Structure formats: C-alpha cells, structure tokens
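K.L.:
Take this structure, written in structure tokens, and hold onto it; I'll ask about it next.
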Amino acid sequence: MGNGASIGARTILHPGAIVEAEARVGDDCLLYPCTVVREGCVLGNRVILQPGAIVGSDGFGFAFDPEGPAHTKVPQVGIVRVEDDVEIGAGSCIDRATLGETVIGRGTKIDNLVQVAHNVQLGAHCLVCAQAGISGSSKLGTGVVLAGQVGVVGHLEIGDGARIGAGSGVAHDVPAGETQSGSPAIPHAAWLHSVAAFPRLPELLKEQRALRQRVEKLEKLLAERG
C-alpha cells in the first residue's frame with residue numbers, strides 16, 4: 001500500500017492487489033488479485049474489482065512533435081472516482097483524467113476487457129459489456145447500456161436510458177431513451193431494415209442495371225422518333 005493510502009472497514013485485498021499513494025478505498029470493497037488502484041484515485045463503498053482490473057492507468061494523451069520524439073507524452077494528472085456499488089470486470093482499464101476526474105457512477109457494472117478513456121463520465125446504473133471501448137471525454141447518462149464490442153467516439157453524449165447494440169460504432173450523440181445499432185450506429189429499426197436488405201444487394205444491383213439499360217433504350221427510341 002502506498003504512502004497516504006487509506007482502506008475502509010471490512011474491505012478485502014487479495015494477494016497482489018495494489019493501492020498506490022494517496023488512493024482511497026471505501027468500506028466493504030473487494031479487490032481481487034492483480035488489481036491496481038493508482039495514486040490519488042477514489043473507490044466508494046462496496047466496489048468490486050475483478051482480477052486484473054486497473055483503476056487510474058494513464059490516459060492516452062500524446063502531442064505530435066515532427067522534430068522528435070514524434071509523440072510526446074502529455075502528463076495525465078487527474079484521477080478516477082468510482083462511486084458506490086460499482087463492479088469492474090477482469091482486465092478492464094479505467095484511465096485517469098488528463099485534468100479533473102474520470103467518473104464511474106454509482107451502481108454501474110462494467111464487464112471484462114472494457115476500456116474507459118480519460119475524462120469519461122459514466123452515469124449511475126450503466127451496463128457496459130465485454131470489449132466495449134469509450135473514448136475520451138464522452139458522457140453517458142443514467143442507465144445507459146452498451147452491448148459487447150461497442151465503440152464510442154470521444155466527446156459525445158449518450159442520453160439517459162439509451163441502448164447500443166452489440167458491435168456498434170457510435171459516432172454521434174444519442175438521444176435519451178433511444179436504441180441504436182450498426183456502424184455507424186443508427187436507430188435500431190432502420191438498422192434492422194438495412195440488415196434485411198443487405199443480402200439482396202447483388203440482386204437489387206442487377207435489377208437496377210437492367211432497368212437502366214431499358215430506360216436508355218427507351219430514351220434512344222423516343223429520340224429517334226422525335
């Protein structure tokens with residue numbers, strides 16, 4: 001345990017769990033082996049970190065310098081604040097903020113192998129499924145659901161109660177309560193229509209070419225008669 005770190009009542013740290021300097025872990029938490037709470041980060045009460053979960057890894061921030069070294073690391077001096085009753089799955093990483101806080105709202109459950117980037121704000125009671133990734137500074141409201149392998153572009157807002165289907169790529173804000181799927185993500189009903197049409201595209205293209213040829217013949221015939 002690092003200098004100035006604090007551990008709450010009835011919290012259990014399994015062998016290999018690390019709590020670094022000035023980090024704070026609340027009451028009744030459970031930190032499984034090979035978990036890390038990095039310096040200055042805060043866990044609320046009843047937080048569970050599954051094996052290999054990392055809270056407070058450096059955010060992915062680099063400045064390009066053409067004179068070299070080409071990619072200069074931008075210091076990540078913020079923290080992560082994890083609120084009460086959160087569970088973070090095995091191998092998931094929650095990056096510390098560049099400035100300020102990355103926040104995981106109370107009651108949120110994060111599956112295995114999830115990436116939450118710097119300065120992301122997750123609202124209360126979100127569900128984030130395996131292999132999802134949330135880019136920097138995006139904000140998710142209360143009760144948002146991200147299915148497996150969803151990717152969220154940075155600096156977006158996803159409204160309360162929105163749901164994103166598996167494998168989707170979110171490249172724009174999503175209104176509260178809306179369900180979207182696909183890449184780029186679109187309203188779920190429209191995506192279902194698109195998916196249904198996709199296997200017929202070769203047939204539709206063939207029909208379109210045949211119709212174009214017929215129109216060209218008709219236009220030529222009319223021109224000759226004109």
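Residue numbers start at 1 in each chain; chains themselves are named A, B, ... in the order of the structure tokens; ligands are numbered from 1 in the order shown.
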Mind the document's chain letters and residue numbers, and return as a count of residues only the residues of segment 52-211 of chain A that DSSP labels strand (DSSP E or B).
P.N.:
51
K.L.:
Which neighbours of Leu30 of chain A fall inside 12 Å, counting only C-alpha atoms, when residues of the same chain fewer than 3 positions from it are skipped, and could you give them as a PDB file with all heavy atoms, in the first residue's frame?
P.N.:
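See result36.pdb below for the written result:
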ATOM      1  N   ILE A   7      -7.739   2.490   3.470  1.00  0.00           N
ATOM      2  CA  ILE A   7      -8.594   1.351   3.176  1.00  0.00           C
ATOM      3  C   ILE A   7      -9.731   1.352   4.192  1.00  0.00           C
ATOM      4  O   ILE A   7      -9.497   1.419   5.408  1.00  0.00           O
ATOM      5  CB  ILE A   7      -7.821   0.017   3.276  1.00  0.00           C
ATOM      6  CG1 ILE A   7      -6.578   0.041   2.389  1.00  0.00           C
ATOM      7  CG2 ILE A   7      -8.737  -1.153   2.922  1.00  0.00           C
ATOM      8  CD1 ILE A   7      -6.857   0.137   0.923  1.00  0.00           C
ATOM      9  N   GLY A   8     -10.968   1.245   3.707  1.00  0.00           N
ATOM     10  CA  GLY A   8     -12.122   1.304   4.573  1.00  0.00           C
ATOM     11  C   GLY A   8     -12.366   0.012   5.346  1.00  0.00           C
ATOM     12  O   GLY A   8     -11.730  -1.021   5.112  1.00  0.00           O
ATOM     13  N   ALA A   9     -13.348   0.089   6.236  1.00  0.00           N
ATOM     14  CA  ALA A   9     -13.698  -1.045   7.086  1.00  0.00           C
ATOM     15  C   ALA A   9     -14.209  -2.223   6.253  1.00  0.00           C
ATOM     16  O   ALA A   9     -14.964  -2.033   5.295  1.00  0.00           O
ATOM     17  CB  ALA A   9     -14.753  -0.620   8.098  1.00  0.00           C
ATOM     18  N   ARG A  10     -13.767  -3.417   6.636  1.00  0.00           N
ATOM     19  CA  ARG A  10     -14.239  -4.683   6.064  1.00  0.00           C
ATOM     20  C   ARG A  10     -13.867  -4.856   4.585  1.00  0.00           C
ATOM     21  O   ARG A  10     -14.374  -5.735   3.906  1.00  0.00           O
ATOM     22  CB  ARG A  10     -15.755  -4.858   6.248  1.00  0.00           C
ATOM     23  CG  ARG A  10     -16.192  -4.893   7.703  1.00  0.00           C
ATOM     24  CD  ARG A  10     -17.706  -4.873   7.827  1.00  0.00           C
ATOM     25  NE  ARG A  10     -18.293  -3.691   7.218  1.00  0.00           N
ATOM     26  CZ  ARG A  10     -18.331  -2.485   7.797  1.00  0.00           C
ATOM     27  NH1 ARG A  10     -17.812  -2.290   9.006  1.00  0.00           N
ATOM     28  NH2 ARG A  10     -18.882  -1.453   7.181  1.00  0.00           N
ATOM     29  N   THR A  11     -13.019  -4.006   4.076  1.00  0.00           N
ATOM     30  CA  THR A  11     -12.531  -4.163   2.704  1.00  0.00           C
ATOM     31  C   THR A  11     -11.477  -5.268   2.657  1.00  0.00           C
ATOM     32  O   THR A  11     -10.640  -5.373   3.553  1.00  0.00           O
ATOM     33  CB  THR A  11     -11.958  -2.841   2.190  1.00  0.00           C
ATOM     34  OG1 THR A  11     -13.050  -1.969   1.876  1.00  0.00           O
ATOM     35  CG2 THR A  11     -11.111  -3.028   0.937  1.00  0.00           C
ATOM     36  N   ILE A  12     -11.540  -6.097   1.626  1.00  0.00           N
ATOM     37  CA  ILE A  12     -10.621  -7.229   1.474  1.00  0.00           C
ATOM     38  C   ILE A  12      -9.731  -6.991   0.264  1.00  0.00           C
ATOM     39  O   ILE A  12     -10.225  -6.735  -0.845  1.00  0.00           O
ATOM     40  CB  ILE A  12     -11.399  -8.541   1.298  1.00  0.00           C
ATOM     41  CG1 ILE A  12     -12.238  -8.821   2.551  1.00  0.00           C
ATOM     42  CG2 ILE A  12     -10.456  -9.697   0.996  1.00  0.00           C
ATOM     43  CD1 ILE A  12     -13.171  -9.998   2.390  1.00  0.00           C
ATOM     44  N   LEU A  13      -8.430  -7.081   0.479  1.00  0.00           N
ATOM     45  CA  LEU A  13      -7.449  -7.033  -0.599  1.00  0.00           C
ATOM     46  C   LEU A  13      -6.827  -8.414  -0.746  1.00  0.00           C
ATOM     47  O   LEU A  13      -6.179  -8.906   0.182  1.00  0.00           O
ATOM     48  CB  LEU A  13      -6.355  -6.003  -0.309  1.00  0.00           C
ATOM     49  CG  LEU A  13      -6.619  -4.552  -0.735  1.00  0.00           C
ATOM     50  CD1 LEU A  13      -7.789  -3.960   0.014  1.00  0.00           C
ATOM     51  CD2 LEU A  13      -5.360  -3.708  -0.536  1.00  0.00           C
ATOM     52  N   HIS A  14      -7.042  -9.040  -1.893  1.00  0.00           N
ATOM     53  CA  HIS A  14      -6.430 -10.340  -2.154  1.00  0.00           C
ATOM     54  C   HIS A  14      -4.945 -10.160  -2.459  1.00  0.00           C
ATOM     55  O   HIS A  14      -4.493  -9.055  -2.783  1.00  0.00           O
ATOM     56  CB  HIS A  14      -7.142 -11.024  -3.314  1.00  0.00           C
ATOM     57  CG  HIS A  14      -8.461 -11.610  -2.935  1.00  0.00           C
ATOM     58  ND1 HIS A  14      -8.671 -12.960  -2.795  1.00  0.00           N
ATOM     59  CD2 HIS A  14      -9.659 -11.017  -2.654  1.00  0.00           C
ATOM     60  CE1 HIS A  14      -9.922 -13.191  -2.456  1.00  0.00           C
ATOM     61  NE2 HIS A  14     -10.555 -12.035  -2.357  1.00  0.00           N
ATOM     62  N   PRO A  15      -4.163 -11.247  -2.382  1.00  0.00           N
ATOM     63  CA  PRO A  15      -2.728 -11.144  -2.683  1.00  0.00           C
ATOM     64  C   PRO A  15      -2.490 -10.543  -4.070  1.00  0.00           C
ATOM     65  O   PRO A  15      -3.143 -10.914  -5.045  1.00  0.00           O
ATOM     66  CB  PRO A  15      -2.255 -12.607  -2.633  1.00  0.00           C
ATOM     67  CG  PRO A  15      -3.209 -13.276  -1.704  1.00  0.00           C
ATOM     68  CD  PRO A  15      -4.536 -12.614  -1.952  1.00  0.00           C
ATOM     69  N   ALA A  17      -3.079  -7.440  -4.919  1.00  0.00           N
ATOM     70  CA  ALA A  17      -3.829  -6.195  -5.120  1.00  0.00           C
ATOM     71  C   ALA A  17      -2.980  -5.030  -4.634  1.00  0.00           C
ATOM     72  O   ALA A  17      -2.333  -5.108  -3.586  1.00  0.00           O
ATOM     73  CB  ALA A  17      -5.149  -6.241  -4.371  1.00  0.00           C
ATOM     74  N   VAL A  25      -9.881   3.820  -0.673  1.00  0.00           N
ATOM     75  CA  VAL A  25     -10.795   2.718  -0.940  1.00  0.00           C
ATOM     76  C   VAL A  25     -11.810   2.681   0.189  1.00  0.00           C
ATOM     77  O   VAL A  25     -11.442   2.681   1.374  1.00  0.00           O
ATOM     78  CB  VAL A  25     -10.040   1.373  -1.038  1.00  0.00           C
ATOM     79  CG1 VAL A  25     -11.011   0.227  -1.291  1.00  0.00           C
ATOM     80  CG2 VAL A  25      -8.987   1.434  -2.151  1.00  0.00           C
ATOM     81  N   GLY A  26     -13.095   2.649  -0.160  1.00  0.00           N
ATOM     82  CA  GLY A  26     -14.150   2.741   0.837  1.00  0.00           C
ATOM     83  C   GLY A  26     -14.390   1.450   1.595  1.00  0.00           C
ATOM     84  O   GLY A  26     -13.585   0.502   1.558  1.00  0.00           O
ATOM     85  N   ASP A  27     -15.542   1.384   2.263  1.00  0.00           N
ATOM     86  CA  ASP A  27     -15.904   0.235   3.090  1.00  0.00           C
ATOM     87  C   ASP A  27     -16.442  -0.912   2.239  1.00  0.00           C
ATOM     88  O   ASP A  27     -17.046  -0.695   1.179  1.00  0.00           O
ATOM     89  CB  ASP A  27     -16.990   0.633   4.096  1.00  0.00           C
ATOM     90  CG  ASP A  27     -16.539   1.720   5.053  1.00  0.00           C
ATOM     91  OD1 ASP A  27     -15.311   1.893   5.217  1.00  0.00           O
ATOM     92  OD2 ASP A  27     -17.426   2.403   5.624  1.00  0.00           O
ATOM     93  N   PRO A  33      -6.999 -10.511  -6.912  1.00  0.00           N
ATOM     94  CA  PRO A  33      -5.569 -10.468  -7.243  1.00  0.00           C
ATOM     95  C   PRO A  33      -5.272  -9.662  -8.510  1.00  0.00           C
ATOM     96  O   PRO A  33      -6.042  -9.644  -9.462  1.00  0.00           O
ATOM     97  CB  PRO A  33      -5.207 -11.956  -7.445  1.00  0.00           C
ATOM     98  CG  PRO A  33      -6.181 -12.691  -6.590  1.00  0.00           C
ATOM     99  CD  PRO A  33      -7.458 -11.900  -6.694  1.00  0.00           C
ATOM    100  N   THR A  35      -5.217  -6.562  -9.093  1.00  0.00           N
ATOM    101  CA  THR A  35      -5.914  -5.301  -9.330  1.00  0.00           C
ATOM    102  C   THR A  35      -5.029  -4.146  -8.858  1.00  0.00           C
ATOM    103  O   THR A  35      -4.188  -4.299  -7.978  1.00  0.00           O
ATOM    104  CB  THR A  35      -7.255  -5.253  -8.595  1.00  0.00           C
ATOM    105  OG1 THR A  35      -7.045  -5.523  -7.198  1.00  0.00           O
ATOM    106  CG2 THR A  35      -8.211  -6.295  -9.154  1.00  0.00           C
ATOM    107  N   VAL A  36      -5.238  -2.976  -9.477  1.00  0.00           N
ATOM    108  CA  VAL A  36      -4.434  -1.802  -9.129  1.00  0.00           C
ATOM    109  C   VAL A  36      -5.349  -0.593  -9.004  1.00  0.00           C
ATOM    110  O   VAL A  36      -6.159  -0.319  -9.894  1.00  0.00           O
ATOM    111  CB  VAL A  36      -3.361  -1.515 -10.200  1.00  0.00           C
ATOM    112  CG1 VAL A  36      -2.570  -0.254  -9.837  1.00  0.00           C
ATOM    113  CG2 VAL A  36      -2.421  -2.697 -10.367  1.00  0.00           C
ATOM    114  N   LEU A  43     -12.171   4.953  -4.628  1.00  0.00           N
ATOM    115  CA  LEU A  43     -13.240   3.970  -4.742  1.00  0.00           C
ATOM    116  C   LEU A  43     -14.244   4.211  -3.627  1.00  0.00           C
ATOM    117  O   LEU A  43     -13.860   4.384  -2.466  1.00  0.00           O
ATOM    118  CB  LEU A  43     -12.711   2.533  -4.623  1.00  0.00           C
ATOM    119  CG  LEU A  43     -11.613   2.057  -5.574  1.00  0.00           C
ATOM    120  CD1 LEU A  43     -11.410   0.552  -5.405  1.00  0.00           C
ATOM    121  CD2 LEU A  43     -11.924   2.386  -7.017  1.00  0.00           C
ATOM    122  N   GLY A  44     -15.531   4.177  -3.972  1.00  0.00           N
ATOM    123  CA  GLY A  44     -16.571   4.314  -2.961  1.00  0.00           C
ATOM    124  C   GLY A  44     -16.739   3.036  -2.161  1.00  0.00           C
ATOM    125  O   GLY A  44     -15.834   2.198  -2.066  1.00  0.00           O
ATOM    126  N   ASN A  45     -17.918   2.864  -1.590  1.00  0.00           N
ATOM    127  CA  ASN A  45     -18.211   1.687  -0.787  1.00  0.00           C
ATOM    128  C   ASN A  45     -18.756   0.549  -1.648  1.00  0.00           C
ATOM    129  O   ASN A  45     -19.420   0.788  -2.659  1.00  0.00           O
ATOM    130  CB  ASN A  45     -19.234   2.031   0.290  1.00  0.00           C
ATOM    131  CG  ASN A  45     -18.752   3.136   1.209  1.00  0.00           C
ATOM    132  OD1 ASN A  45     -17.577   3.163   1.605  1.00  0.00           O
ATOM    133  ND2 ASN A  45     -19.634   4.068   1.539  1.00  0.00           N
ATOM    134  N   ARG A  46     -18.437  -0.675  -1.234  1.00  0.00           N
ATOM    135  CA  ARG A  46     -18.979  -1.889  -1.870  1.00  0.00           C
ATOM    136  C   ARG A  46     -18.570  -2.006  -3.351  1.00  0.00           C
ATOM    137  O   ARG A  46     -19.332  -2.492  -4.180  1.00  0.00           O
ATOM    138  CB  ARG A  46     -20.499  -1.973  -1.721  1.00  0.00           C
ATOM    139  CG  ARG A  46     -20.946  -1.996  -0.253  1.00  0.00           C
ATOM    140  CD  ARG A  46     -22.455  -1.912  -0.118  1.00  0.00           C
ATOM    141  NE  ARG A  46     -22.986  -0.678  -0.681  1.00  0.00           N
ATOM    142  CZ  ARG A  46     -22.971   0.502  -0.038  1.00  0.00           C
ATOM    143  NH1 ARG A  46     -22.466   0.608   1.188  1.00  0.00           N
ATOM    144  NH2 ARG A  46     -23.474   1.580  -0.621  1.00  0.00           N
ATOM    145  N   VAL A  47     -17.395  -1.548  -3.661  1.00  0.00           N
ATOM    146  CA  VAL A  47     -16.856  -1.665  -5.020  1.00  0.00           C
ATOM    147  C   VAL A  47     -16.133  -3.001  -5.157  1.00  0.00           C
ATOM    148  O   VAL A  47     -15.399  -3.419  -4.248  1.00  0.00           O
ATOM    149  CB  VAL A  47     -15.900  -0.498  -5.328  1.00  0.00           C
ATOM    150  CG1 VAL A  47     -15.180  -0.722  -6.664  1.00  0.00           C
ATOM    151  CG2 VAL A  47     -16.669   0.817  -5.352  1.00  0.00           C
ATOM    152  N   ILE A  48     -16.334  -3.660  -6.285  1.00  0.00           N
ATOM    153  CA  ILE A  48     -15.650  -4.918  -6.582  1.00  0.00           C
ATOM    154  C   ILE A  48     -14.769  -4.724  -7.807  1.00  0.00           C
ATOM    155  O   ILE A  48     -15.245  -4.268  -8.854  1.00  0.00           O
ATOM    156  CB  ILE A  48     -16.658  -6.053  -6.844  1.00  0.00           C
ATOM    157  CG1 ILE A  48     -17.523  -6.308  -5.602  1.00  0.00           C
ATOM    158  CG2 ILE A  48     -15.931  -7.340  -7.257  1.00  0.00           C
ATOM    159  CD1 ILE A  48     -18.643  -7.301  -5.847  1.00  0.00           C
ATOM    160  N   LEU A  49     -13.493  -5.073  -7.663  1.00  0.00           N
ATOM    161  CA  LEU A  49     -12.567  -5.102  -8.798  1.00  0.00           C
ATOM    162  C   LEU A  49     -12.202  -6.553  -9.059  1.00  0.00           C
ATOM    163  O   LEU A  49     -11.579  -7.210  -8.223  1.00  0.00           O
ATOM    164  CB  LEU A  49     -11.300  -4.290  -8.506  1.00  0.00           C
ATOM    165  CG  LEU A  49     -11.459  -2.802  -8.172  1.00  0.00           C
ATOM    166  CD1 LEU A  49     -10.078  -2.148  -8.055  1.00  0.00           C
ATOM    167  CD2 LEU A  49     -12.307  -2.079  -9.208  1.00  0.00           C
ATOM    168  N   GLN A  50     -12.595  -7.057 -10.232  1.00  0.00           N
ATOM    169  CA  GLN A  50     -12.253  -8.414 -10.610  1.00  0.00           C
ATOM    170  C   GLN A  50     -10.769  -8.491 -11.000  1.00  0.00           C
ATOM    171  O   GLN A  50     -10.125  -7.467 -11.243  1.00  0.00           O
ATOM    172  CB  GLN A  50     -13.145  -8.876 -11.759  1.00  0.00           C
ATOM    173  CG  GLN A  50     -14.624  -8.977 -11.412  1.00  0.00           C
ATOM    174  CD  GLN A  50     -14.919 -10.103 -10.434  1.00  0.00           C
ATOM    175  OE1 GLN A  50     -14.124 -11.027 -10.279  1.00  0.00           O
ATOM    176  NE2 GLN A  50     -16.071 -10.038  -9.770  1.00  0.00           N
ATOM    177  N   PRO A  51     -10.189  -9.713 -11.053  1.00  0.00           N
ATOM    178  CA  PRO A  51      -8.747  -9.832 -11.269  1.00  0.00           C
ATOM    179  C   PRO A  51      -8.252  -9.052 -12.491  1.00  0.00           C
ATOM    180  O   PRO A  51      -8.832  -9.100 -13.572  1.00  0.00           O
ATOM    181  CB  PRO A  51      -8.546 -11.344 -11.476  1.00  0.00           C
ATOM    182  CG  PRO A  51      -9.647 -11.963 -10.677  1.00  0.00           C
ATOM    183  CD  PRO A  51     -10.824 -11.041 -10.857  1.00  0.00           C
ATOM    184  N   ALA A  53      -8.198  -5.853 -13.015  1.00  0.00           N
ATOM    185  CA  ALA A  53      -8.800  -4.544 -13.289  1.00  0.00           C
ATOM    186  C   ALA A  53      -7.856  -3.440 -12.827  1.00  0.00           C
ATOM    187  O   ALA A  53      -7.243  -3.530 -11.758  1.00  0.00           O
ATOM    188  CB  ALA A  53     -10.149  -4.419 -12.590  1.00  0.00           C
ATOM    189  N   ASP A  85     -21.079   0.846  -5.055  1.00  0.00           N
ATOM    190  CA  ASP A  85     -21.768  -0.319  -5.642  1.00  0.00           C
ATOM    191  C   ASP A  85     -21.423  -0.551  -7.106  1.00  0.00           C
ATOM    192  O   ASP A  85     -22.240  -1.058  -7.878  1.00  0.00           O
ATOM    193  CB  ASP A  85     -23.289  -0.177  -5.474  1.00  0.00           C
ATOM    194  CG  ASP A  85     -23.696  -0.070  -4.017  1.00  0.00           C
ATOM    195  OD1 ASP A  85     -23.398  -1.005  -3.251  1.00  0.00           O
ATOM    196  OD2 ASP A  85     -24.289   0.960  -3.638  1.00  0.00           O
ATOM    197  N   VAL A  86     -20.232  -0.207  -7.484  1.00  0.00           N
ATOM    198  CA  VAL A  86     -19.741  -0.443  -8.848  1.00  0.00           C
ATOM    199  C   VAL A  86     -18.958  -1.755  -8.878  1.00  0.00           C
ATOM    200  O   VAL A  86     -18.236  -2.082  -7.925  1.00  0.00           O
ATOM    201  CB  VAL A  86     -18.843   0.721  -9.314  1.00  0.00           C
ATOM    202  CG1 VAL A  86     -18.096   0.367 -10.601  1.00  0.00           C
ATOM    203  CG2 VAL A  86     -19.676   1.978  -9.507  1.00  0.00           C
ATOM    204  N   GLU A  87     -19.085  -2.503  -9.967  1.00  0.00           N
ATOM    205  CA  GLU A  87     -18.235  -3.667 -10.203  1.00  0.00           C
ATOM    206  C   GLU A  87     -17.516  -3.483 -11.534  1.00  0.00           C
ATOM    207  O   GLU A  87     -18.147  -3.131 -12.541  1.00  0.00           O
ATOM    208  CB  GLU A  87     -19.037  -4.963 -10.215  1.00  0.00           C
ATOM    209  CG  GLU A  87     -18.163  -6.195 -10.430  1.00  0.00           C
ATOM    210  CD  GLU A  87     -18.853  -7.504 -10.099  1.00  0.00           C
ATOM    211  OE1 GLU A  87     -19.954  -7.472  -9.509  1.00  0.00           O
ATOM    212  OE2 GLU A  87     -18.289  -8.562 -10.430  1.00  0.00           O
ATOM    213  N   ILE A  88     -16.215  -3.736 -11.527  1.00  0.00           N
ATOM    214  CA  ILE A  88     -15.382  -3.597 -12.725  1.00  0.00           C
ATOM    215  C   ILE A  88     -14.771  -4.949 -13.041  1.00  0.00           C
ATOM    216  O   ILE A  88     -14.103  -5.555 -12.194  1.00  0.00           O
ATOM    217  CB  ILE A  88     -14.294  -2.524 -12.515  1.00  0.00           C
ATOM    218  CG1 ILE A  88     -14.962  -1.159 -12.252  1.00  0.00           C
ATOM    219  CG2 ILE A  88     -13.376  -2.442 -13.738  1.00  0.00           C
ATOM    220  CD1 ILE A  88     -13.988  -0.055 -11.884  1.00  0.00           C
TER     221      ILE A  88
END
K.L.:
Smallest atom-to-atom distance to Gly89 of chain A: which of A:Lys109, A:Arg214, A:Lys206, A:Arg38, using only C-alpha atoms?
P.N.:
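Distance minimum relative to Gly89 of chain A lands on A:Lys109.
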K.L.:
Give me the residues within 6 Å of segment 137-139 of chain A as a VMD selection string, counting only C-alpha atoms and dropping any in the same chain fewer than 3 places off.
P.N.:
chain A and resid 119 to 121 154 to 157
K.L.:
Please list as a ChimeraX atom specification every residue within 7 Å of segment 105-107 of chain A, counting only C-alpha atoms and excluding residues in the same chain fewer than 3 positions away.
P.N.:
/A:82-86,122-125
K.L.:
May I have the selected residues written with C-alpha atoms, as a PDB file, in the first residue's frame?
P.N.:
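File written: selection33.pdb
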ATOM      1  CA  VAL A  82     -15.576   5.236  -8.708  1.00  0.00           C
ATOM      2  CA  GLU A  83     -18.849   5.679  -6.834  1.00  0.00           C
ATOM      3  CA  ASP A  84     -20.657   3.177  -4.570  1.00  0.00           C
ATOM      4  CA  ASP A  85     -21.768  -0.319  -5.642  1.00  0.00           C
ATOM      5  CA  VAL A  86     -19.741  -0.443  -8.848  1.00  0.00           C
ATOM      6  CA  LEU A 122     -20.482   7.304 -16.753  1.00  0.00           C
ATOM      7  CA  GLY A 123     -23.821   7.945 -15.073  1.00  0.00           C
ATOM      8  CA  ALA A 124     -25.484   5.801 -12.437  1.00  0.00           C
ATOM      9  CA  HIS A 125     -26.548   2.208 -13.120  1.00  0.00           C
TER      10      HIS A 125
END
K.L.:
Measuring between only C-alpha atoms, which one of A:Val150, A:Val42, A:Ala70, A:Ala166 shows the shortest distance to Glu22 of chain A?
P.N.:
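Looking only at the distances to Glu22 of chain A, the closest residue turns out to be A:Val42.
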K.L.:
Give me, as an NGL selection string, all polymer residues having an atom no more than 9 Å from Val128 of chain A, counting only C-alpha atoms and skipping those fewer than 3 positions away in the same chain.
P.N.:
:A and (108-111 or 114 or 131-133 or 144-148 or 150)
K.L.:
Taking C-alpha atoms for each residue, export the selection above as a compact mmCIF listing (two decimals), in the first residue's frame.
P.N.:
# COMPACT_ATOMS: atom_id res chain seq x y z
CA THR A 108 -22.67 0.83 -12.73
CA LYS A 109 -21.48 -2.62 -13.79
CA ILE A 110 -18.56 -2.99 -16.20
CA ASP A 111 -17.82 -6.34 -17.84
CA VAL A 114 -13.57 -2.88 -21.24
CA GLN A 131 -14.79 -5.48 -25.14
CA ALA A 132 -16.61 -2.16 -25.29
CA GLY A 133 -14.47 0.96 -25.58
CA VAL A 144 -27.16 3.53 -20.48
CA VAL A 145 -26.48 0.04 -21.87
CA LEU A 146 -23.53 -0.67 -24.17
CA ALA A 147 -23.61 -4.23 -25.53
CA GLY A 148 -20.46 -6.18 -26.36
CA VAL A 150 -19.47 -1.24 -28.82
K.L.:
Tell me which of A:His188, A:Arg96, A:His118, A:Arg24 sits closest to Gly56 of chain A, counting only C-alpha atoms.
P.N.:
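Ranked by minimum distance to Gly56 of chain A, first place goes to A:Arg96.
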K.L.:
Return the single residue from A:Glu224, A:Glu39, A:Asp95, A:Glu203 that is closest to Val19 of chain A, with distances computed using only C-alpha atoms.
P.N.:
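Of A:Glu224, A:Glu39, A:Asp95, A:Glu203, the one nearest Val19 of chain A is A:Glu39, counting only C-alpha atoms.
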K.L.:
Counting only C-alpha atoms, figure out which residue out of A:Gly78, A:Gly143, A:Gly177, A:Gly151 gets nearest to Thr102 of chain A.
P.N.:
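Checking each candidate against Thr102 of chain A, we get A:Gly78 as the closest.
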K.L.:
What's the separation between atom CA of Gly91 of chain A and atom CA of Leu113 of chain A, in Å to one decimal place?
P.N.:
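Taking atom CA of Gly91 of chain A and atom CA of Leu113 of chain A, their separation equals 4.9 Å.
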K.L.:
Which residue, A:Ala210, A:Val152, A:Val80, A:Ile94, has the smallest gap to Ser168 of chain A when you use only C-alpha atoms?
P.N.:
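Of A:Ala210, A:Val152, A:Val80, A:Ile94, the one nearest Ser168 of chain A is A:Val152, counting only C-alpha atoms.
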